[in-house]
Amino acid sequence: VARISVAVRCRPLSEHERSNMVQSICRVMDGRLVILLDPGASAAHDYLRQDKSKEKRFAFDQAFGPDADTKTLFTATAEPLIKSVLQGYNATVFAYGSTGAGKTFTMIGTPVEPGIMFRSVEEIFKGVATVVDEGTESFSISCSFVEVYNENFRDLAGNSDREGILDLREDPVSGSYVAGIREIQTESVQEVMDLLQHGNQRRTTEPTAMNVTSSRSHAVLQVRVERKGNPSNPSGSLLGKLSMIDLAGSERAAETKNQGVRLLEGANINRSLLALGNCINALASGSHFVPYRDSKLTRLLKDSLGGNCKTVMIATTSPGHLSY
């Protein structure tokens with residue numbers, strides 16, 4: 001797996017879109033090429049582009065059409081990262097896209113169709129069981145689930161709605177961490193599924209014109225795997241971390257029709273997404289300076305983006321012509 005790879009997932013049209021006669025203009029070819037057909041909705045006064053096709057083509061590392069299920073997506077993108085995490089490396093999986101494009105469905109999913117987060121933890125437990133059966137090594141697995149809302153941290157693993165805002169601290173050994181967050185020692189995959197469902201219900205969502213349950217925060221699930229008893233290093237330990245982030249949707253205020261608090265939320269969401277994009281661009285271009293401090297999200301993920309970390313970005317997209 002390359003250090004940074006990008007996959008695209010195009011979701012099917014929703015029932016609401018079908019009933020409003022929205023046309024599907026997204027086509028996926030050869031597992032890598034995404035074609036956006038001409039929506040045929042150019043303005044009547046746009047004389048310069050009236051006779052020009054607005055079809056666009058984009059090539060990615062991997063591309064998945066509406067027929068691909070989450071298991072297929074996971075096997076091709078996130079599953080290859082699990083072995084690296086068990087060997088003490090850091091890895092990161094993002095879901096990015098506009099509001100209503102299917103990010104939360106891809107990352108968290110439902111009890112019937114689990115998302116990338118659940119499947120990744122399930123694969124970690126399988127890998128741990130295989131290694132433990134073969135030798136004398138022991139593992140401990142812990143999870144934390146936090147949201148970044150309006151540039152503030154909130155613990156999603158807690159039970160109280162009155163919990164205060166948490167601080168981000170720097171540790172010379174373990175890197176950036178959220179002070180006061182609950183780290184849950186997990187013994188089974190079901191515990192993690194319960195944590196995801198509980199945390200997702202506590203997450204900040206509000207209705208907008210684009211999406212009835214629009215996520216207004218970034219949700220970050222971090223899984224730490226500590227490995228002890230390696231024959232080559234009996235006294236030491238390996239610490240790997242898998243960060244999985246369901247980003248809040250980038251949005252156009254004209255489309256969401258947001259005002260007041262919703263508009264402020266949208267501005268903070270777009271600002272942190274811009275900061276994340278700037279960090280990834282700096283890392284991809286080999287720049288000596290990476291602007292991690294531009295946002296709380298990038299500060300938290302500092303050690304999960306740079307260095308020897310492997311990153312997968314899953315861009316989710318709506319096939320409707322209104323999103324062109």
# chains A, B, ... in the order shown; residues from 1 in each chain; ligands from 1

$ closest_atom_pairs --of "segment 222-307 of chain A" --to "segment 86-100 of chain A" --cutoff "7 Å" --atoms "only C-alpha atoms" --output "Markdown table"
| residue | atom | partner | partner_atom | distance |
| --- | --- | --- | --- | --- |
| A:Val225 | CA | A:Leu86 | CA | 6.8 |
| A:Leu238 | CA | A:Gly88 | CA | 4.9 |
| A:Leu239 | CA | A:Gly88 | CA | 4.8 |
| A:Gly240 | CA | A:Gly88 | CA | 3.9 |
| A:Lys241 | CA | A:Asn90 | CA | 4.7 |
| A:Leu242 | CA | A:Ala91 | CA | 4.9 |
| A:Ser243 | CA | A:Thr92 | CA | 4.7 |
| A:Met244 | CA | A:Val93 | CA | 4.8 |
| A:Ile245 | CA | A:Phe94 | CA | 4.9 |
| A:Asp246 | CA | A:Ala95 | CA | 5.3 |
| A:Leu247 | CA | A:Tyr96 | CA | 5.8 |
| A:Gly249 | CA | A:Thr99 | CA | 4.1 |
| A:Ser250 | CA | A:Ser98 | CA | 4.7 |
| A:Glu251 | CA | A:Ser98 | CA | 5.8 |
| A:Ser304 | CA | A:Asn90 | CA | 5.8 |

$ residues_around --residues "Gly180 of chain A" --least-positions-apart "2" --cutoff "7 Å" --atoms "only C-alpha atoms" --output "list in words"
Leu166, Val178 and Arg182 of chain A

$ closest_residue --among "A:Tyr149, A:Leu156, A:Leu273, A:Pro319" --to "Ile35 of chain A" --atoms "only C-alpha atoms"
A:Pro319

$ residues_around --residues "Glu55 of chain A" --least-positions-apart "5" --cutoff "10 Å" --atoms "only C-alpha atoms" --output "PDB file with C-alpha atoms, in the first residue's frame"
ATOM      1  CA  ILE A  25     -24.527  11.289 -13.782  1.00  0.00           C
ATOM      2  CA  ILE A  35     -16.741   9.973 -15.155  1.00  0.00           C
ATOM      3  CA  LEU A  36     -19.193  12.783 -14.399  1.00  0.00           C
ATOM      4  CA  LEU A  37     -21.559  13.164 -17.338  1.00  0.00           C
ATOM      5  CA  ASP A  38     -22.709  16.549 -18.600  1.00  0.00           C
ATOM      6  CA  PRO A  39     -25.728  17.430 -16.392  1.00  0.00           C
ATOM      7  CA  GLY A  40     -27.168  19.409 -19.320  1.00  0.00           C
TER       8      GLY A  40
END

$ decode --residues "segment 182-196 of chain A" --atoms "all heavy atoms" --output "PDB file, in the first residue's frame"
ATOM      1  N   ARG A 182     -12.071   8.919  27.870  1.00  0.00           N
ATOM      2  CA  ARG A 182     -12.160   7.526  28.302  1.00  0.00           C
ATOM      3  C   ARG A 182     -11.482   6.620  27.274  1.00  0.00           C
ATOM      4  O   ARG A 182     -11.843   6.654  26.109  1.00  0.00           O
ATOM      5  CB  ARG A 182     -13.617   7.088  28.454  1.00  0.00           C
ATOM      6  CG  ARG A 182     -14.317   7.669  29.646  1.00  0.00           C
ATOM      7  CD  ARG A 182     -15.780   7.257  29.634  1.00  0.00           C
ATOM      8  NE  ARG A 182     -16.501   7.814  30.765  1.00  0.00           N
ATOM      9  CZ  ARG A 182     -16.923   9.077  30.840  1.00  0.00           C
ATOM     10  NH1 ARG A 182     -16.685   9.902  29.821  1.00  0.00           N
ATOM     11  NH2 ARG A 182     -17.567   9.521  31.891  1.00  0.00           N
ATOM     12  N   GLU A 183     -10.543   5.818  27.751  1.00  0.00           N
ATOM     13  CA  GLU A 183      -9.943   4.774  26.906  1.00  0.00           C
ATOM     14  C   GLU A 183     -10.518   3.453  27.375  1.00  0.00           C
ATOM     15  O   GLU A 183     -10.290   3.038  28.514  1.00  0.00           O
ATOM     16  CB  GLU A 183      -8.416   4.784  27.023  1.00  0.00           C
ATOM     17  CG  GLU A 183      -7.771   5.913  26.279  1.00  0.00           C
ATOM     18  CD  GLU A 183      -6.620   5.443  25.400  1.00  0.00           C
ATOM     19  OE1 GLU A 183      -6.355   4.233  25.358  1.00  0.00           O
ATOM     20  OE2 GLU A 183      -6.006   6.293  24.752  1.00  0.00           O
ATOM     21  N   ILE A 184     -11.272   2.790  26.536  1.00  0.00           N
ATOM     22  CA  ILE A 184     -11.974   1.572  26.928  1.00  0.00           C
ATOM     23  C   ILE A 184     -11.173   0.352  26.487  1.00  0.00           C
ATOM     24  O   ILE A 184     -10.871   0.187  25.295  1.00  0.00           O
ATOM     25  CB  ILE A 184     -13.384   1.542  26.300  1.00  0.00           C
ATOM     26  CG1 ILE A 184     -14.189   2.742  26.807  1.00  0.00           C
ATOM     27  CG2 ILE A 184     -14.096   0.243  26.614  1.00  0.00           C
ATOM     28  CD1 ILE A 184     -15.502   2.938  26.097  1.00  0.00           C
ATOM     29  N   GLN A 185     -10.786  -0.485  27.458  1.00  0.00           N
ATOM     30  CA  GLN A 185     -10.096  -1.741  27.144  1.00  0.00           C
ATOM     31  C   GLN A 185     -11.131  -2.713  26.592  1.00  0.00           C
ATOM     32  O   GLN A 185     -12.112  -3.030  27.262  1.00  0.00           O
ATOM     33  CB  GLN A 185      -9.445  -2.341  28.404  1.00  0.00           C
ATOM     34  CG  GLN A 185      -8.329  -1.504  28.988  1.00  0.00           C
ATOM     35  CD  GLN A 185      -7.076  -1.527  28.126  1.00  0.00           C
ATOM     36  OE1 GLN A 185      -6.805  -2.497  27.435  1.00  0.00           O
ATOM     37  NE2 GLN A 185      -6.316  -0.440  28.145  1.00  0.00           N
ATOM     38  N   THR A 186     -10.939  -3.147  25.359  1.00  0.00           N
ATOM     39  CA  THR A 186     -11.949  -3.992  24.705  1.00  0.00           C
ATOM     40  C   THR A 186     -11.465  -5.434  24.615  1.00  0.00           C
ATOM     41  O   THR A 186     -10.299  -5.699  24.317  1.00  0.00           O
ATOM     42  CB  THR A 186     -12.269  -3.470  23.296  1.00  0.00           C
ATOM     43  OG1 THR A 186     -11.048  -3.334  22.560  1.00  0.00           O
ATOM     44  CG2 THR A 186     -12.952  -2.124  23.353  1.00  0.00           C
ATOM     45  N   GLU A 187     -12.389  -6.334  24.864  1.00  0.00           N
ATOM     46  CA  GLU A 187     -12.088  -7.769  24.801  1.00  0.00           C
ATOM     47  C   GLU A 187     -12.783  -8.439  23.621  1.00  0.00           C
ATOM     48  O   GLU A 187     -12.449  -9.560  23.262  1.00  0.00           O
ATOM     49  CB  GLU A 187     -12.540  -8.455  26.103  1.00  0.00           C
ATOM     50  CG  GLU A 187     -11.887  -7.899  27.357  1.00  0.00           C
ATOM     51  CD  GLU A 187     -10.409  -8.248  27.453  1.00  0.00           C
ATOM     52  OE1 GLU A 187     -10.008  -9.244  26.834  1.00  0.00           O
ATOM     53  OE2 GLU A 187      -9.675  -7.507  28.137  1.00  0.00           O
ATOM     54  N   SER A 188     -13.766  -7.751  23.037  1.00  0.00           N
ATOM     55  CA  SER A 188     -14.508  -8.378  21.935  1.00  0.00           C
ATOM     56  C   SER A 188     -14.935  -7.322  20.922  1.00  0.00           C
ATOM     57  O   SER A 188     -14.977  -6.124  21.226  1.00  0.00           O
ATOM     58  CB  SER A 188     -15.744  -9.108  22.468  1.00  0.00           C
ATOM     59  OG  SER A 188     -16.701  -8.167  22.928  1.00  0.00           O
ATOM     60  N   VAL A 189     -15.269  -7.784  19.718  1.00  0.00           N
ATOM     61  CA  VAL A 189     -15.711  -6.885  18.656  1.00  0.00           C
ATOM     62  C   VAL A 189     -17.061  -6.268  19.000  1.00  0.00           C
ATOM     63  O   VAL A 189     -17.327  -5.108  18.668  1.00  0.00           O
ATOM     64  CB  VAL A 189     -15.814  -7.657  17.318  1.00  0.00           C
ATOM     65  CG1 VAL A 189     -16.130  -6.716  16.177  1.00  0.00           C
ATOM     66  CG2 VAL A 189     -14.533  -8.401  17.030  1.00  0.00           C
ATOM     67  N   GLN A 190     -17.913  -7.016  19.692  1.00  0.00           N
ATOM     68  CA  GLN A 190     -19.251  -6.524  20.019  1.00  0.00           C
ATOM     69  C   GLN A 190     -19.182  -5.300  20.924  1.00  0.00           C
ATOM     70  O   GLN A 190     -19.997  -4.378  20.805  1.00  0.00           O
ATOM     71  CB  GLN A 190     -20.079  -7.635  20.688  1.00  0.00           C
ATOM     72  CG  GLN A 190     -21.552  -7.290  20.849  1.00  0.00           C
ATOM     73  CD  GLN A 190     -22.228  -6.902  19.539  1.00  0.00           C
ATOM     74  OE1 GLN A 190     -22.041  -7.560  18.511  1.00  0.00           O
ATOM     75  NE2 GLN A 190     -22.986  -5.811  19.547  1.00  0.00           N
ATOM     76  N   GLU A 191     -18.179  -5.260  21.821  1.00  0.00           N
ATOM     77  CA  GLU A 191     -18.002  -4.087  22.689  1.00  0.00           C
ATOM     78  C   GLU A 191     -17.757  -2.839  21.856  1.00  0.00           C
ATOM     79  O   GLU A 191     -18.273  -1.757  22.154  1.00  0.00           O
ATOM     80  CB  GLU A 191     -16.820  -4.306  23.635  1.00  0.00           C
ATOM     81  CG  GLU A 191     -17.091  -5.238  24.794  1.00  0.00           C
ATOM     82  CD  GLU A 191     -15.884  -5.358  25.700  1.00  0.00           C
ATOM     83  OE1 GLU A 191     -15.308  -4.312  26.068  1.00  0.00           O
ATOM     84  OE2 GLU A 191     -15.495  -6.493  26.031  1.00  0.00           O
ATOM     85  N   VAL A 192     -16.962  -2.997  20.793  1.00  0.00           N
ATOM     86  CA  VAL A 192     -16.654  -1.858  19.920  1.00  0.00           C
ATOM     87  C   VAL A 192     -17.895  -1.445  19.135  1.00  0.00           C
ATOM     88  O   VAL A 192     -18.168  -0.253  18.957  1.00  0.00           O
ATOM     89  CB  VAL A 192     -15.493  -2.206  18.959  1.00  0.00           C
ATOM     90  CG1 VAL A 192     -15.168  -1.013  18.058  1.00  0.00           C
ATOM     91  CG2 VAL A 192     -14.269  -2.629  19.731  1.00  0.00           C
ATOM     92  N   MET A 193     -18.687  -2.420  18.671  1.00  0.00           N
ATOM     93  CA  MET A 193     -19.925  -2.113  17.947  1.00  0.00           C
ATOM     94  C   MET A 193     -20.884  -1.344  18.857  1.00  0.00           C
ATOM     95  O   MET A 193     -21.503  -0.351  18.427  1.00  0.00           O
ATOM     96  CB  MET A 193     -20.583  -3.413  17.468  1.00  0.00           C
ATOM     97  CG  MET A 193     -21.763  -3.195  16.534  1.00  0.00           C
ATOM     98  SD  MET A 193     -21.266  -2.410  14.987  1.00  0.00           S
ATOM     99  CE  MET A 193     -22.824  -2.339  14.109  1.00  0.00           C
ATOM    100  N   ASP A 194     -20.975  -1.758  20.113  1.00  0.00           N
ATOM    101  CA  ASP A 194     -21.844  -1.057  21.078  1.00  0.00           C
ATOM    102  C   ASP A 194     -21.335   0.366  21.297  1.00  0.00           C
ATOM    103  O   ASP A 194     -22.137   1.311  21.388  1.00  0.00           O
ATOM    104  CB  ASP A 194     -21.882  -1.813  22.408  1.00  0.00           C
ATOM    105  CG  ASP A 194     -22.576  -3.170  22.289  1.00  0.00           C
ATOM    106  OD1 ASP A 194     -23.319  -3.360  21.299  1.00  0.00           O
ATOM    107  OD2 ASP A 194     -22.362  -4.038  23.162  1.00  0.00           O
ATOM    108  N   LEU A 195     -19.993   0.524  21.376  1.00  0.00           N
ATOM    109  CA  LEU A 195     -19.404   1.856  21.559  1.00  0.00           C
ATOM    110  C   LEU A 195     -19.722   2.756  20.370  1.00  0.00           C
ATOM    111  O   LEU A 195     -20.086   3.927  20.537  1.00  0.00           O
ATOM    112  CB  LEU A 195     -17.882   1.721  21.730  1.00  0.00           C
ATOM    113  CG  LEU A 195     -17.068   3.026  21.693  1.00  0.00           C
ATOM    114  CD1 LEU A 195     -17.423   3.903  22.888  1.00  0.00           C
ATOM    115  CD2 LEU A 195     -15.572   2.737  21.671  1.00  0.00           C
ATOM    116  N   LEU A 196     -19.615   2.213  19.164  1.00  0.00           N
ATOM    117  CA  LEU A 196     -19.887   3.002  17.957  1.00  0.00           C
ATOM    118  C   LEU A 196     -21.343   3.443  17.902  1.00  0.00           C
ATOM    119  O   LEU A 196     -21.640   4.605  17.601  1.00  0.00           O
ATOM    120  CB  LEU A 196     -19.548   2.182  16.702  1.00  0.00           C
ATOM    121  CG  LEU A 196     -18.065   1.968  16.392  1.00  0.00           C
ATOM    122  CD1 LEU A 196     -17.905   1.054  15.183  1.00  0.00           C
ATOM    123  CD2 LEU A 196     -17.369   3.292  16.138  1.00  0.00           C
TER     124      LEU A 196
END
